[in-house]
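Structure, as structure tokens:
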Amino acid sequence: MKVETYSGYKLDEYPVRFWIFDGEPLEVLEIEDRWYGPGFTYFKVFADNARHYILTRNNEYGTWQGREVQT
């Protein structure tokens with residue numbers, strides 16, 4: 001999974017665009033929630049395809065995973 005992020009106060013502060021399965025890029029329209037776990041940062045986002053996703057960043061390796069979620 002590829003994620004483009006905004007880096008302001010800190011590196012990879014939040015996602016702005018992402019690609020799933022090498023498809024078209026999805027724009028993040030809204031970050032609905034953000035929470036932290038041991039070694040991970042989680043974002044619940046609303047994308048421009050009118051779907052919700054959980055994007056997970058592994059803080060140690062800088063890698064991302066994502067999945068669509070039902071609301």
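Residues are referred to by chain and number: the chain letter is A, B, ... according to the order shown in the structure tokens, the number counts from 1 in that chain, and ligands are numbered separately from 1 in the order shown.
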task = Determine, counting only C-alpha atoms, which protein, DNA and RNA residues have an atom within 8 Å of an atom of Phe18 of chain A; residues of the same chain fewer than 2 positions away are not included. Present the result as a VMD selection string.
result = chain A and resid 1 to 4 15 to 16 20 25 to 28
With N, CA and C atoms retained, could you export that selection as a PDB file, in the first residue's frame?
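Ended up saving to selection00.pdb:
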ATOM      1  N   MET A   1       0.847  -1.170   0.000  1.00  0.00           N
ATOM      2  CA  MET A   1       0.000   0.000   0.000  1.00  0.00           C
ATOM      3  C   MET A   1       0.891   1.231   0.000  1.00  0.00           C
ATOM      4  N   LYS A   2       0.516   2.199  -0.803  1.00  0.00           N
ATOM      5  CA  LYS A   2       1.261   3.456  -0.867  1.00  0.00           C
ATOM      6  C   LYS A   2       0.403   4.558  -0.252  1.00  0.00           C
ATOM      7  N   VAL A   3       1.027   5.382   0.595  1.00  0.00           N
ATOM      8  CA  VAL A   3       0.326   6.483   1.238  1.00  0.00           C
ATOM      9  C   VAL A   3       1.167   7.742   1.106  1.00  0.00           C
ATOM     10  N   GLU A   4       0.532   8.817   0.667  1.00  0.00           N
ATOM     11  CA  GLU A   4       1.178  10.127   0.638  1.00  0.00           C
ATOM     12  C   GLU A   4       0.716  10.876   1.880  1.00  0.00           C
ATOM     13  N   PRO A  15      -2.270  11.122   6.722  1.00  0.00           N
ATOM     14  CA  PRO A  15      -2.389  10.772   5.303  1.00  0.00           C
ATOM     15  C   PRO A  15      -3.247  11.777   4.549  1.00  0.00           C
ATOM     16  N   VAL A  16      -2.864  12.051   3.300  1.00  0.00           N
ATOM     17  CA  VAL A  16      -3.655  12.928   2.435  1.00  0.00           C
ATOM     18  C   VAL A  16      -4.142  12.206   1.183  1.00  0.00           C
ATOM     19  N   ILE A  20      -4.704   1.725  -3.084  1.00  0.00           N
ATOM     20  CA  ILE A  20      -4.934   0.344  -2.678  1.00  0.00           C
ATOM     21  C   ILE A  20      -4.942  -0.519  -3.932  1.00  0.00           C
ATOM     22  N   PRO A  25      -5.554   6.781  -7.247  1.00  0.00           N
ATOM     23  CA  PRO A  25      -5.361   7.344  -5.915  1.00  0.00           C
ATOM     24  C   PRO A  25      -6.685   7.769  -5.295  1.00  0.00           C
ATOM     25  N   LEU A  26      -6.780   7.594  -3.993  1.00  0.00           N
ATOM     26  CA  LEU A  26      -7.946   8.029  -3.231  1.00  0.00           C
ATOM     27  C   LEU A  26      -7.528   9.209  -2.369  1.00  0.00           C
ATOM     28  N   GLU A  27      -8.273  10.289  -2.462  1.00  0.00           N
ATOM     29  CA  GLU A  27      -7.992  11.485  -1.669  1.00  0.00           C
ATOM     30  C   GLU A  27      -8.674  11.362  -0.311  1.00  0.00           C
ATOM     31  N   VAL A  28      -7.977  11.715   0.730  1.00  0.00           N
ATOM     32  CA  VAL A  28      -8.568  11.748   2.064  1.00  0.00           C
ATOM     33  C   VAL A  28      -9.324  13.067   2.190  1.00  0.00           C
TER      34      VAL A  28
END
request  = For Tyr14 of chain A, list every protein, DNA or RNA residue within 6 Å, evaluated using only C-alpha atoms, and leave out those in the same chain fewer than 2 positions away; present the list as a PyMOL selection string.
outcome  = chain A and resi 5-6+12
Output of the above residues as a CSV table (one decimal), in the first residue's frame, restricted to C-alpha atoms:
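Ended up saving to again.csv:
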chain,number,residue,atom,x,y,z
A,5,THR,CA,1.3,12.1,3.9
A,6,TYR,CA,1.5,15.6,5.2
A,12,ASP,CA,4.1,11.6,8.3
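Shortest atom-to-atom contact with Arg51 of chain A among A:Thr71, A:Trp64, A:Tyr9, A:Gly37: A:Thr71, counting only C-alpha atoms.
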task = Quote the spacing between atom CA of Tyr61 of chain A and atom CA of Asp48 of chain A in Å to one decimal place.
result =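 Atom-to-atom, atom CA of Tyr61 of chain A to atom CA of Asp48 of chain A, that is 27.5 Å.
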message = Please identify the strand (DSSP E or B) residues within chain A (assignment by DSSP from backbone atoms) and present them as an MDAnalysis selection string.
response = chainID A and resid 2:6 14:19 26:37 40:47 52:58 63:69
message = Using only C-alpha atoms, can you tell me which of A:Thr63, A:Glu24, A:Gln70, A:Asn58 comes closest to Phe46 of chain A?
response =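 Of all the options, A:Gln70 lies closest to Phe46 of chain A.
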message = Just want the 10 Å neighbourhood of Thr41 of chain A, counted on only C-alpha atoms, with same-chain residues fewer than 2 positions away dropped. Output as an MDAnalysis selection string.
response = chainID A and resid 13:14 34:39 43 55:59 64
Write a file of the just-selected residues containing N, CA and C atoms, as a PDB file, in the first residue's frame.
ATOM      1  N   GLU A  13       2.736  13.148   9.456  1.00  0.00           N
ATOM      2  CA  GLU A  13       1.762  13.554  10.470  1.00  0.00           C
ATOM      3  C   GLU A  13       0.378  12.968  10.225  1.00  0.00           C
ATOM      4  N   TYR A  14      -0.079  12.998   8.956  1.00  0.00           N
ATOM      5  CA  TYR A  14      -1.359  12.371   8.636  1.00  0.00           C
ATOM      6  C   TYR A  14      -1.445  12.105   7.133  1.00  0.00           C
ATOM      7  N   ARG A  34      -8.335   9.379  15.024  1.00  0.00           N
ATOM      8  CA  ARG A  34      -6.916   9.016  15.055  1.00  0.00           C
ATOM      9  C   ARG A  34      -6.627   8.484  16.454  1.00  0.00           C
ATOM     10  N   TRP A  35      -5.903   7.371  16.520  1.00  0.00           N
ATOM     11  CA  TRP A  35      -5.526   6.844  17.817  1.00  0.00           C
ATOM     12  C   TRP A  35      -4.179   6.145  17.695  1.00  0.00           C
ATOM     13  N   TYR A  36      -3.570   5.951  18.848  1.00  0.00           N
ATOM     14  CA  TYR A  36      -2.210   5.425  18.911  1.00  0.00           C
ATOM     15  C   TYR A  36      -2.191   4.120  19.692  1.00  0.00           C
ATOM     16  N   GLY A  37      -1.396   3.189  19.204  1.00  0.00           N
ATOM     17  CA  GLY A  37      -1.168   1.931  19.892  1.00  0.00           C
ATOM     18  C   GLY A  37       0.330   1.722  19.998  1.00  0.00           C
ATOM     19  N   PRO A  38       0.762   0.684  20.693  1.00  0.00           N
ATOM     20  CA  PRO A  38       2.200   0.417  20.803  1.00  0.00           C
ATOM     21  C   PRO A  38       2.826   0.195  19.422  1.00  0.00           C
ATOM     22  N   GLY A  39       3.580   1.166  18.956  1.00  0.00           N
ATOM     23  CA  GLY A  39       4.283   1.061  17.683  1.00  0.00           C
ATOM     24  C   GLY A  39       3.467   1.386  16.448  1.00  0.00           C
ATOM     25  N   PHE A  43      -5.605   5.688  11.624  1.00  0.00           N
ATOM     26  CA  PHE A  43      -6.433   6.769  11.127  1.00  0.00           C
ATOM     27  C   PHE A  43      -7.707   6.186  10.531  1.00  0.00           C
ATOM     28  N   LEU A  55      -6.492   3.274   8.087  1.00  0.00           N
ATOM     29  CA  LEU A  55      -5.109   3.254   7.624  1.00  0.00           C
ATOM     30  C   LEU A  55      -4.225   3.125   8.854  1.00  0.00           C
ATOM     31  N   THR A  56      -3.300   2.180   8.811  1.00  0.00           N
ATOM     32  CA  THR A  56      -2.439   1.882   9.947  1.00  0.00           C
ATOM     33  C   THR A  56      -0.983   2.074   9.546  1.00  0.00           C
ATOM     34  N   ARG A  57      -0.281   2.910  10.309  1.00  0.00           N
ATOM     35  CA  ARG A  57       1.146   3.157  10.057  1.00  0.00           C
ATOM     36  C   ARG A  57       1.973   2.455  11.116  1.00  0.00           C
ATOM     37  N   ASN A  58       2.916   1.620  10.670  1.00  0.00           N
ATOM     38  CA  ASN A  58       3.888   1.000  11.559  1.00  0.00           C
ATOM     39  C   ASN A  58       4.972   2.045  11.804  1.00  0.00           C
ATOM     40  N   ASN A  59       5.049   2.573  13.009  1.00  0.00           N
ATOM     41  CA  ASN A  59       5.957   3.675  13.301  1.00  0.00           C
ATOM     42  C   ASN A  59       7.429   3.282  13.258  1.00  0.00           C
ATOM     43  N   TRP A  64       2.675   1.063   5.745  1.00  0.00           N
ATOM     44  CA  TRP A  64       1.240   1.288   5.918  1.00  0.00           C
ATOM     45  C   TRP A  64       0.456   0.053   5.519  1.00  0.00           C
TER      46      TRP A  64
END
